>>> print(open('protein_10.txt').read())   # compact mmCIF, N, CA and C atoms
# COMPACT_ATOMS: atom_id res chain seq x y z
N MET A 1 26.34 3.11 -189.37
CA MET A 1 26.38 2.84 -190.79
C MET A 1 25.46 1.67 -191.09
N SER A 2 24.62 1.81 -192.07
CA SER A 2 23.68 0.77 -192.46
C SER A 2 24.30 -0.11 -193.53
N VAL A 3 24.10 -1.41 -193.42
CA VAL A 3 24.62 -2.36 -194.39
C VAL A 3 23.43 -2.89 -195.19
N LEU A 4 23.56 -2.93 -196.50
CA LEU A 4 22.49 -3.43 -197.36
C LEU A 4 22.61 -4.93 -197.54
N ALA A 5 21.47 -5.59 -197.61
CA ALA A 5 21.44 -7.04 -197.84
C ALA A 5 21.94 -7.33 -199.25
N PHE A 6 22.58 -8.48 -199.39
CA PHE A 6 23.01 -8.94 -200.71
C PHE A 6 22.44 -10.32 -200.92
N PRO A 7 21.68 -10.58 -201.96
CA PRO A 7 21.29 -9.61 -202.97
C PRO A 7 20.33 -8.58 -202.39
N TYR A 8 20.29 -7.43 -203.05
CA TYR A 8 19.48 -6.33 -202.57
C TYR A 8 18.01 -6.75 -202.47
N GLY A 9 17.35 -6.30 -201.43
CA GLY A 9 15.94 -6.60 -201.25
C GLY A 9 15.28 -5.53 -200.39
N VAL A 10 13.96 -5.65 -200.28
CA VAL A 10 13.17 -4.72 -199.49
C VAL A 10 12.60 -5.49 -198.30
N ASP A 11 12.64 -4.87 -197.10
CA ASP A 11 12.09 -5.54 -195.92
C ASP A 11 10.59 -5.32 -195.82
N ARG A 12 9.98 -5.83 -194.76
CA ARG A 12 8.53 -5.75 -194.60
C ARG A 12 8.02 -4.33 -194.39
N ARG A 13 8.92 -3.41 -194.04
CA ARG A 13 8.54 -2.01 -193.87
C ARG A 13 8.65 -1.21 -195.17
N GLY A 14 9.15 -1.85 -196.23
CA GLY A 14 9.33 -1.16 -197.50
C GLY A 14 10.65 -0.45 -197.62
N ARG A 15 11.57 -0.71 -196.70
CA ARG A 15 12.90 -0.09 -196.71
C ARG A 15 13.93 -1.09 -197.24
N SER A 16 15.09 -0.60 -197.53
CA SER A 16 16.17 -1.48 -197.96
C SER A 16 16.47 -2.48 -196.85
N ALA A 17 16.51 -3.76 -197.19
CA ALA A 17 16.75 -4.80 -196.20
C ALA A 17 18.20 -4.77 -195.73
N SER A 18 18.39 -5.08 -194.45
CA SER A 18 19.71 -5.18 -193.85
C SER A 18 19.90 -6.59 -193.33
N PRO A 19 21.06 -7.17 -193.52
CA PRO A 19 21.30 -8.52 -193.00
C PRO A 19 21.54 -8.50 -191.49
N THR A 20 21.30 -9.64 -190.84
CA THR A 20 21.69 -9.78 -189.45
C THR A 20 23.21 -9.85 -189.39
N ASP A 21 23.78 -9.76 -188.20
CA ASP A 21 25.23 -9.86 -188.07
C ASP A 21 25.73 -11.19 -188.62
N ALA A 22 25.03 -12.29 -188.29
CA ALA A 22 25.45 -13.61 -188.76
C ALA A 22 25.37 -13.70 -190.28
N GLU A 23 24.32 -13.15 -190.88
CA GLU A 23 24.18 -13.18 -192.34
C GLU A 23 25.28 -12.36 -193.01
N GLN A 24 25.60 -11.23 -192.41
CA GLN A 24 26.65 -10.37 -192.96
C GLN A 24 28.01 -11.07 -192.91
N VAL A 25 28.32 -11.71 -191.80
CA VAL A 25 29.59 -12.42 -191.68
C VAL A 25 29.61 -13.61 -192.63
N LEU A 26 28.50 -14.32 -192.76
CA LEU A 26 28.41 -15.45 -193.68
C LEU A 26 28.70 -15.00 -195.11
N GLN A 27 28.13 -13.90 -195.53
CA GLN A 27 28.40 -13.36 -196.87
C GLN A 27 29.86 -12.98 -197.02
N PHE A 28 30.44 -12.43 -195.97
CA PHE A 28 31.83 -12.03 -196.01
C PHE A 28 32.75 -13.25 -196.08
N VAL A 29 32.41 -14.31 -195.35
CA VAL A 29 33.19 -15.56 -195.39
C VAL A 29 33.20 -16.11 -196.82
N GLU A 30 32.03 -16.16 -197.44
CA GLU A 30 31.95 -16.66 -198.81
C GLU A 30 32.75 -15.78 -199.77
N LEU A 31 32.70 -14.48 -199.57
CA LEU A 31 33.46 -13.55 -200.40
C LEU A 31 34.96 -13.80 -200.25
N ILE A 32 35.42 -14.00 -199.02
CA ILE A 32 36.84 -14.26 -198.77
C ILE A 32 37.27 -15.56 -199.44
N LEU A 33 36.46 -16.61 -199.28
CA LEU A 33 36.83 -17.92 -199.81
C LEU A 33 36.96 -17.94 -201.32
N PHE A 34 36.02 -17.30 -202.00
CA PHE A 34 35.95 -17.46 -203.45
C PHE A 34 36.47 -16.26 -204.24
N THR A 35 37.21 -15.36 -203.56
CA THR A 35 37.91 -14.28 -204.24
C THR A 35 39.37 -14.68 -204.36
N SER A 36 39.92 -14.49 -205.53
CA SER A 36 41.33 -14.81 -205.76
C SER A 36 42.18 -13.58 -205.53
N PRO A 37 43.36 -13.75 -204.90
CA PRO A 37 44.26 -12.61 -204.76
C PRO A 37 44.55 -12.00 -206.14
N GLY A 38 44.51 -10.68 -206.18
CA GLY A 38 44.71 -9.97 -207.43
C GLY A 38 43.40 -9.59 -208.11
N GLU A 39 42.30 -10.16 -207.66
CA GLU A 39 40.99 -9.89 -208.27
C GLU A 39 40.46 -8.51 -207.89
N ARG A 40 40.84 -8.02 -206.73
CA ARG A 40 40.39 -6.70 -206.28
C ARG A 40 41.52 -5.71 -206.46
N VAL A 41 41.23 -4.64 -207.17
CA VAL A 41 42.25 -3.66 -207.54
C VAL A 41 42.89 -3.00 -206.33
N HIS A 42 42.08 -2.56 -205.37
CA HIS A 42 42.62 -1.83 -204.22
C HIS A 42 43.04 -2.72 -203.06
N ARG A 43 42.76 -4.00 -203.15
CA ARG A 43 43.20 -4.96 -202.14
C ARG A 43 43.73 -6.20 -202.85
N PRO A 44 44.88 -6.12 -203.48
CA PRO A 44 45.36 -7.22 -204.33
C PRO A 44 45.66 -8.51 -203.58
N GLU A 45 45.87 -8.45 -202.27
CA GLU A 45 46.18 -9.66 -201.50
C GLU A 45 44.92 -10.31 -200.92
N PHE A 46 43.75 -9.70 -201.10
CA PHE A 46 42.50 -10.16 -200.49
C PHE A 46 42.05 -11.48 -201.10
N GLY A 47 41.60 -12.41 -200.27
CA GLY A 47 40.99 -13.64 -200.74
C GLY A 47 41.77 -14.89 -200.37
N ALA A 48 41.08 -16.03 -200.50
CA ALA A 48 41.69 -17.32 -200.19
C ALA A 48 41.90 -18.18 -201.44
N ALA A 49 41.37 -17.76 -202.57
CA ALA A 49 41.61 -18.41 -203.86
C ALA A 49 41.17 -19.87 -203.92
N VAL A 50 40.05 -20.18 -203.31
CA VAL A 50 39.56 -21.56 -203.33
C VAL A 50 39.16 -21.99 -204.74
N ARG A 51 38.69 -21.05 -205.56
CA ARG A 51 38.30 -21.40 -206.94
C ARG A 51 39.48 -21.92 -207.75
N GLN A 52 40.69 -21.57 -207.39
CA GLN A 52 41.86 -22.03 -208.14
C GLN A 52 42.13 -23.52 -207.93
N LEU A 53 41.42 -24.14 -207.01
CA LEU A 53 41.63 -25.56 -206.73
C LEU A 53 40.94 -26.46 -207.74
N VAL A 54 40.24 -25.90 -208.69
CA VAL A 54 39.50 -26.67 -209.68
C VAL A 54 40.41 -27.62 -210.43
N PHE A 55 41.63 -27.23 -210.67
CA PHE A 55 42.54 -28.04 -211.46
C PHE A 55 43.48 -28.89 -210.62
N ALA A 56 43.30 -28.89 -209.30
CA ALA A 56 44.16 -29.69 -208.42
C ALA A 56 43.47 -31.01 -208.09
N PRO A 57 44.21 -32.11 -208.05
CA PRO A 57 43.59 -33.39 -207.69
C PRO A 57 43.24 -33.42 -206.20
N ALA A 58 42.05 -33.90 -205.88
CA ALA A 58 41.61 -33.98 -204.49
C ALA A 58 42.48 -35.01 -203.74
N SER A 59 43.03 -34.59 -202.61
CA SER A 59 43.89 -35.46 -201.81
C SER A 59 43.97 -34.91 -200.40
N ALA A 60 44.58 -35.68 -199.52
CA ALA A 60 44.78 -35.23 -198.14
C ALA A 60 45.69 -34.00 -198.09
N GLU A 61 46.69 -33.97 -198.98
CA GLU A 61 47.60 -32.83 -199.03
C GLU A 61 46.87 -31.57 -199.46
N LEU A 62 45.98 -31.71 -200.46
CA LEU A 62 45.19 -30.57 -200.91
C LEU A 62 44.29 -30.06 -199.79
N ALA A 63 43.68 -30.96 -199.05
CA ALA A 63 42.82 -30.58 -197.94
C ALA A 63 43.61 -29.82 -196.87
N ALA A 64 44.80 -30.32 -196.54
CA ALA A 64 45.62 -29.66 -195.52
C ALA A 64 46.07 -28.27 -195.98
N ALA A 65 46.52 -28.16 -197.22
CA ALA A 65 46.95 -26.87 -197.75
C ALA A 65 45.78 -25.89 -197.82
N THR A 66 44.63 -26.38 -198.22
CA THR A 66 43.44 -25.53 -198.31
C THR A 66 43.00 -25.07 -196.93
N GLN A 67 43.04 -25.97 -195.95
CA GLN A 67 42.67 -25.59 -194.59
C GLN A 67 43.58 -24.49 -194.07
N TYR A 68 44.86 -24.62 -194.30
CA TYR A 68 45.82 -23.61 -193.88
C TYR A 68 45.53 -22.27 -194.57
N ARG A 69 45.31 -22.31 -195.88
CA ARG A 69 45.04 -21.10 -196.67
C ARG A 69 43.74 -20.42 -196.22
N VAL A 70 42.69 -21.21 -196.05
CA VAL A 70 41.37 -20.68 -195.66
C VAL A 70 41.42 -20.09 -194.25
N GLN A 71 42.01 -20.83 -193.32
CA GLN A 71 42.07 -20.35 -191.94
C GLN A 71 42.86 -19.05 -191.85
N GLY A 72 43.96 -18.96 -192.55
CA GLY A 72 44.76 -17.74 -192.54
C GLY A 72 44.02 -16.55 -193.11
N ALA A 73 43.35 -16.76 -194.25
CA ALA A 73 42.62 -15.66 -194.88
C ALA A 73 41.45 -15.21 -194.01
N LEU A 74 40.72 -16.17 -193.43
CA LEU A 74 39.58 -15.79 -192.60
C LEU A 74 40.03 -15.05 -191.34
N GLN A 75 41.10 -15.51 -190.70
CA GLN A 75 41.60 -14.82 -189.51
C GLN A 75 42.06 -13.41 -189.85
N LYS A 76 42.66 -13.26 -191.00
CA LYS A 76 43.17 -11.95 -191.41
C LYS A 76 42.05 -10.97 -191.74
N TYR A 77 41.01 -11.43 -192.45
CA TYR A 77 40.02 -10.51 -192.97
C TYR A 77 38.71 -10.43 -192.19
N LEU A 78 38.43 -11.37 -191.32
CA LEU A 78 37.22 -11.26 -190.52
C LEU A 78 37.35 -10.15 -189.48
N GLY A 79 38.59 -9.92 -189.04
CA GLY A 79 38.86 -8.82 -188.13
C GLY A 79 37.94 -8.78 -186.94
N ASP A 80 37.29 -7.66 -186.73
CA ASP A 80 36.42 -7.50 -185.57
C ASP A 80 34.97 -7.89 -185.87
N ARG A 81 34.70 -8.50 -187.02
CA ARG A 81 33.33 -8.91 -187.37
C ARG A 81 32.93 -10.21 -186.68
N ALA A 82 33.90 -11.13 -186.51
CA ALA A 82 33.56 -12.44 -185.94
C ALA A 82 34.81 -13.11 -185.39
N GLN A 83 34.56 -14.05 -184.50
CA GLN A 83 35.61 -14.92 -183.97
C GLN A 83 35.56 -16.22 -184.77
N LEU A 84 36.67 -16.60 -185.37
CA LEU A 84 36.75 -17.85 -186.12
C LEU A 84 36.94 -18.98 -185.12
N ASP A 85 35.97 -19.90 -185.06
CA ASP A 85 36.02 -20.98 -184.09
C ASP A 85 36.66 -22.25 -184.65
N GLU A 86 36.35 -22.57 -185.91
CA GLU A 86 36.85 -23.84 -186.46
C GLU A 86 36.81 -23.80 -187.98
N VAL A 87 37.81 -24.43 -188.59
CA VAL A 87 37.85 -24.61 -190.04
C VAL A 87 38.23 -26.06 -190.28
N LYS A 88 37.40 -26.78 -191.05
CA LYS A 88 37.70 -28.16 -191.43
C LYS A 88 37.61 -28.26 -192.94
N VAL A 89 38.58 -28.92 -193.53
CA VAL A 89 38.58 -29.13 -194.97
C VAL A 89 38.81 -30.61 -195.22
N SER A 90 37.98 -31.18 -196.09
CA SER A 90 38.17 -32.58 -196.47
C SER A 90 38.06 -32.70 -197.97
N ALA A 91 38.83 -33.62 -198.54
CA ALA A 91 38.82 -33.85 -199.99
C ALA A 91 38.60 -35.33 -200.24
N GLN A 92 37.63 -35.62 -201.09
CA GLN A 92 37.35 -37.00 -201.47
C GLN A 92 37.09 -37.04 -202.96
N GLU A 93 37.82 -37.87 -203.66
CA GLU A 93 37.72 -38.00 -205.11
C GLU A 93 37.73 -36.64 -205.77
N ASN A 94 36.60 -36.18 -206.31
CA ASN A 94 36.59 -34.90 -207.03
C ASN A 94 35.83 -33.80 -206.27
N ARG A 95 35.70 -33.93 -204.95
CA ARG A 95 34.96 -32.94 -204.14
C ARG A 95 35.83 -32.44 -203.00
N ILE A 96 35.67 -31.16 -202.72
CA ILE A 96 36.32 -30.59 -201.55
C ILE A 96 35.22 -29.94 -200.71
N THR A 97 35.26 -30.19 -199.41
CA THR A 97 34.26 -29.66 -198.49
C THR A 97 34.97 -28.78 -197.47
N ILE A 98 34.48 -27.56 -197.34
CA ILE A 98 35.04 -26.60 -196.39
C ILE A 98 33.96 -26.27 -195.37
N GLU A 99 34.24 -26.54 -194.11
CA GLU A 99 33.30 -26.26 -193.03
C GLU A 99 33.90 -25.17 -192.15
N VAL A 100 33.14 -24.10 -191.95
CA VAL A 100 33.61 -22.97 -191.15
C VAL A 100 32.61 -22.72 -190.03
N VAL A 101 33.13 -22.58 -188.81
CA VAL A 101 32.30 -22.22 -187.66
C VAL A 101 32.83 -20.89 -187.13
N PHE A 102 31.91 -19.91 -187.01
CA PHE A 102 32.30 -18.59 -186.52
C PHE A 102 31.23 -18.07 -185.57
N THR A 103 31.63 -17.14 -184.72
CA THR A 103 30.71 -16.47 -183.81
C THR A 103 30.80 -14.97 -184.07
N PRO A 104 29.70 -14.35 -184.54
CA PRO A 104 29.72 -12.90 -184.75
C PRO A 104 30.01 -12.18 -183.43
N THR A 105 30.72 -11.09 -183.50
CA THR A 105 31.14 -10.39 -182.29
C THR A 105 30.01 -9.70 -181.56
N HIS A 106 28.88 -9.50 -182.19
CA HIS A 106 27.78 -8.78 -181.55
C HIS A 106 26.79 -9.71 -180.86
N GLY A 107 27.26 -10.81 -180.29
CA GLY A 107 26.44 -11.62 -179.42
C GLY A 107 25.60 -12.71 -180.04
N ASP A 108 25.67 -12.93 -181.35
CA ASP A 108 24.90 -14.02 -181.94
C ASP A 108 25.53 -15.36 -181.59
N ALA A 109 24.74 -16.40 -181.77
CA ALA A 109 25.21 -17.77 -181.50
C ALA A 109 26.21 -18.19 -182.58
N PRO A 110 27.03 -19.20 -182.29
CA PRO A 110 27.95 -19.70 -183.32
C PRO A 110 27.18 -20.16 -184.55
N THR A 111 27.77 -19.92 -185.71
CA THR A 111 27.15 -20.29 -186.98
C THR A 111 28.09 -21.24 -187.71
N ARG A 112 27.51 -22.30 -188.26
CA ARG A 112 28.28 -23.29 -189.02
C ARG A 112 27.83 -23.20 -190.47
N VAL A 113 28.79 -23.13 -191.39
CA VAL A 113 28.48 -23.09 -192.81
C VAL A 113 29.39 -24.08 -193.52
N VAL A 114 28.81 -24.78 -194.50
CA VAL A 114 29.56 -25.78 -195.26
C VAL A 114 29.52 -25.41 -196.73
N PHE A 115 30.68 -25.38 -197.36
CA PHE A 115 30.80 -25.15 -198.80
C PHE A 115 31.30 -26.45 -199.40
N ASP A 116 30.55 -27.00 -200.33
CA ASP A 116 30.89 -28.27 -200.95
C ASP A 116 31.00 -28.04 -202.45
N ARG A 117 32.19 -28.23 -203.00
CA ARG A 117 32.43 -27.95 -204.42
C ARG A 117 33.14 -29.10 -205.10
N GLU A 118 32.87 -29.26 -206.37
CA GLU A 118 33.63 -30.22 -207.18
C GLU A 118 34.94 -29.57 -207.57
N VAL A 119 36.01 -30.37 -207.57
CA VAL A 119 37.31 -29.86 -208.02
C VAL A 119 37.78 -30.67 -209.20
>>> encode(input="protein_10.txt", output="structure tokens")
Amino acid sequence: MSVLAFPYGVDRRGRSASPTDAEQVLQFVELILFTSPGERVHRPEFGAAVRQLVFAPASAELAAATQYRVQGALQKYLGDRAQLDEVKVSAQENRITIEVVFTPTHGDAPTRVVFDREV
């Protein structure tokens, strides 16, 4: 099965571009983090609901709860696409930073991604 790149693009051969395994998992991680449960009709429990933290005050408690929520959602939905190596969440004043380290199952090197958002 061929996977299309998001956003859609054309590769150097003039065909629909396909992401690497690491790029595909990275896109999936971002999708999991910023989808709220109930947003998807056929998968109402899907997502980690990080966007809902906009109205929560940044604190150590928020960081701990977010880390628990993110790690659980990623472990549940990454499935056989990647091994979740590490999740770190920190909150300072009005910013929350989520750092995720994963290793795609098809032999790529570990990938680290950081999401930094104002809350």
>>> closest_residue(input="protein_10.txt", among="A:Arg69, A:Ala5, A:Asp21, A:Ile32", to="A:His106", atoms="all atoms listed in the file")
A:Asp21
>>> atom_distance(input="protein_10.txt", atom1="atom N of A:Leu33", atom2="atom N of A:Gly107")
21.9 Å
>>> closest_residue(input="protein_10.txt", among="A:Leu84, A:Val50, A:Ala60, A:Leu31", to="A:Asp116", atoms="only C-alpha atoms")
A:Val50
>>> residues_around(input="protein_10.txt", residues="A:Pro37", least_positions_apart="4", cutoff="7 Å", atoms="only C-alpha atoms", output="list in words")
Pro44, Glu45, Phe46, Gly47 and Ala49 of chain A
>>> axis_aligned_box(input="protein_10.txt", around="stretch 87-106 of chain A", padding_each_side="8 Å", output="JSON")
{"center_x": 32.8, "center_y": -23.4, "center_z": -193.9, "size_x": 28.0, "size_y": 45.2, "size_z": 42.2}
>>> select_by_dssp(input="protein_10.txt", residues="chain A", states="strand (DSSP E or B)", output="ChimeraX atom specification")
/A:10,16,82-92,95-104,111-118
>>> closest_residue(input="protein_10.txt", among="A:Val10, A:Leu78, A:Ala58, A:Leu4", to="A:Val29", atoms="all atoms listed in the file")
A:Leu78
>>> atom_distance(input="protein_10.txt", atom1="atom C of A:Ala63", atom2="atom C of A:Phe6")
29.1 Å
>>> atom_distance(input="protein_10.txt", atom1="atom CA of A:Arg117", atom2="atom CA of A:Arg95")
5.6 Å
>>> residues_near_point(input="protein_10.txt", point="(27.8, -15.2, -196.9)", cutoff="12 Å", atoms="only C-alpha atoms", output="ChimeraX atom specification")
/A:5-7,19-34,100,102,111-115
>>> select_by_dssp(input="protein_10.txt", residues="stretch 16-103 of chain A", states="helix (DSSP H, G or I)", output="ChimeraX atom specification")
/A:21-33,50-55,60-78
>>> closest_residue(input="protein_10.txt", among="A:Ala48, A:Pro57, A:Ser16, A:His42", to="A:Glu93", atoms="only C-alpha atoms")
A:Pro57
>>> closest_residue(input="protein_10.txt", among="A:Thr35, A:Thr97, A:Thr103, A:Ser59", to="A:Asp85", atoms="only N, CA and C atoms")
A:Thr103
>>> closest_residue(input="protein_10.txt", among="A:Glu39, A:Val89, A:Pro110, A:Pro104", to="A:Thr66", atoms="only N, CA and C atoms")
A:Val89
>>> decode(input="protein_10.txt", residues="stretch 36-60 of chain A", atoms="N, CA and C atoms", output="PDB file, in the first residue's frame")
ATOM      1  N   SER A  36      -8.565  16.108  19.194  1.00  0.00           N
ATOM      2  CA  SER A  36      -9.317  15.967  20.442  1.00  0.00           C
ATOM      3  C   SER A  36     -10.241  14.767  20.350  1.00  0.00           C
ATOM      4  N   PRO A  37     -10.369  13.996  21.442  1.00  0.00           N
ATOM      5  CA  PRO A  37     -11.337  12.902  21.426  1.00  0.00           C
ATOM      6  C   PRO A  37     -12.725  13.434  21.069  1.00  0.00           C
ATOM      7  N   GLY A  38     -13.401  12.697  20.196  1.00  0.00           N
ATOM      8  CA  GLY A  38     -14.703  13.117  19.723  1.00  0.00           C
ATOM      9  C   GLY A  38     -14.646  13.851  18.391  1.00  0.00           C
ATOM     10  N   GLU A  39     -13.462  14.255  17.977  1.00  0.00           N
ATOM     11  CA  GLU A  39     -13.299  14.997  16.726  1.00  0.00           C
ATOM     12  C   GLU A  39     -13.452  14.094  15.499  1.00  0.00           C
ATOM     13  N   ARG A  40     -13.118  12.838  15.642  1.00  0.00           N
ATOM     14  CA  ARG A  40     -13.231  11.886  14.531  1.00  0.00           C
ATOM     15  C   ARG A  40     -14.468  11.031  14.737  1.00  0.00           C
ATOM     16  N   VAL A  41     -15.324  11.016  13.737  1.00  0.00           N
ATOM     17  CA  VAL A  41     -16.620  10.346  13.850  1.00  0.00           C
ATOM     18  C   VAL A  41     -16.476   8.853  14.089  1.00  0.00           C
ATOM     19  N   HIS A  42     -15.618   8.186  13.331  1.00  0.00           N
ATOM     20  CA  HIS A  42     -15.506   6.727  13.438  1.00  0.00           C
ATOM     21  C   HIS A  42     -14.502   6.263  14.485  1.00  0.00           C
ATOM     22  N   ARG A  43     -13.768   7.186  15.073  1.00  0.00           N
ATOM     23  CA  ARG A  43     -12.839   6.857  16.155  1.00  0.00           C
ATOM     24  C   ARG A  43     -12.976   7.916  17.239  1.00  0.00           C
ATOM     25  N   PRO A  44     -14.071   7.917  17.976  1.00  0.00           N
ATOM     26  CA  PRO A  44     -14.348   9.011  18.919  1.00  0.00           C
ATOM     27  C   PRO A  44     -13.356   9.121  20.073  1.00  0.00           C
ATOM     28  N   GLU A  45     -12.616   8.065  20.377  1.00  0.00           N
ATOM     29  CA  GLU A  45     -11.657   8.114  21.483  1.00  0.00           C
ATOM     30  C   GLU A  45     -10.263   8.519  21.016  1.00  0.00           C
ATOM     31  N   PHE A  46     -10.051   8.704  19.710  1.00  0.00           N
ATOM     32  CA  PHE A  46      -8.735   8.986  19.138  1.00  0.00           C
ATOM     33  C   PHE A  46      -8.240  10.369  19.544  1.00  0.00           C
ATOM     34  N   GLY A  47      -6.971  10.467  19.907  1.00  0.00           N
ATOM     35  CA  GLY A  47      -6.333  11.752  20.154  1.00  0.00           C
ATOM     36  C   GLY A  47      -5.884  11.947  21.587  1.00  0.00           C
ATOM     37  N   ALA A  48      -5.023  12.953  21.762  1.00  0.00           N
ATOM     38  CA  ALA A  48      -4.497  13.281  23.086  1.00  0.00           C
ATOM     39  C   ALA A  48      -5.019  14.615  23.608  1.00  0.00           C
ATOM     40  N   ALA A  49      -5.704  15.378  22.782  1.00  0.00           N
ATOM     41  CA  ALA A  49      -6.382  16.614  23.197  1.00  0.00           C
ATOM     42  C   ALA A  49      -5.449  17.672  23.778  1.00  0.00           C
ATOM     43  N   VAL A  50      -4.274  17.811  23.206  1.00  0.00           N
ATOM     44  CA  VAL A  50      -3.328  18.812  23.701  1.00  0.00           C
ATOM     45  C   VAL A  50      -3.849  20.228  23.470  1.00  0.00           C
ATOM     46  N   ARG A  51      -4.620  20.437  22.404  1.00  0.00           N
ATOM     47  CA  ARG A  51      -5.163  21.780  22.133  1.00  0.00           C
ATOM     48  C   ARG A  51      -6.090  22.259  23.238  1.00  0.00           C
ATOM     49  N   GLN A  52      -6.677  21.363  23.996  1.00  0.00           N
ATOM     50  CA  GLN A  52      -7.581  21.755  25.076  1.00  0.00           C
ATOM     51  C   GLN A  52      -6.841  22.391  26.245  1.00  0.00           C
ATOM     52  N   LEU A  53      -5.521  22.341  26.229  1.00  0.00           N
ATOM     53  CA  LEU A  53      -4.733  22.903  27.327  1.00  0.00           C
ATOM     54  C   LEU A  53      -4.581  24.411  27.224  1.00  0.00           C
ATOM     55  N   VAL A  54      -5.133  25.014  26.203  1.00  0.00           N
ATOM     56  CA  VAL A  54      -5.006  26.450  25.983  1.00  0.00           C
ATOM     57  C   VAL A  54      -5.529  27.233  27.178  1.00  0.00           C
ATOM     58  N   PHE A  55      -6.555  26.741  27.826  1.00  0.00           N
ATOM     59  CA  PHE A  55      -7.170  27.477  28.920  1.00  0.00           C
ATOM     60  C   PHE A  55      -6.686  27.035  30.297  1.00  0.00           C
ATOM     61  N   ALA A  56      -5.698  26.140  30.342  1.00  0.00           N
ATOM     62  CA  ALA A  56      -5.169  25.669  31.622  1.00  0.00           C
ATOM     63  C   ALA A  56      -3.909  26.454  31.976  1.00  0.00           C
ATOM     64  N   PRO A  57      -3.727  26.811  33.243  1.00  0.00           N
ATOM     65  CA  PRO A  57      -2.508  27.524  33.634  1.00  0.00           C
ATOM     66  C   PRO A  57      -1.299  26.588  33.591  1.00  0.00           C
ATOM     67  N   ALA A  58      -0.197  27.059  33.034  1.00  0.00           N
ATOM     68  CA  ALA A  58       1.019  26.249  32.946  1.00  0.00           C
ATOM     69  C   ALA A  58       1.569  26.012  34.359  1.00  0.00           C
ATOM     70  N   SER A  59       1.826  24.742  34.676  1.00  0.00           N
ATOM     71  CA  SER A  59       2.338  24.379  35.993  1.00  0.00           C
ATOM     72  C   SER A  59       2.972  22.999  35.911  1.00  0.00           C
ATOM     73  N   ALA A  60       3.615  22.597  36.983  1.00  0.00           N
ATOM     74  CA  ALA A  60       4.214  21.264  37.038  1.00  0.00           C
ATOM     75  C   ALA A  60       3.136  20.181  36.968  1.00  0.00           C
TER      76      ALA A  60
END
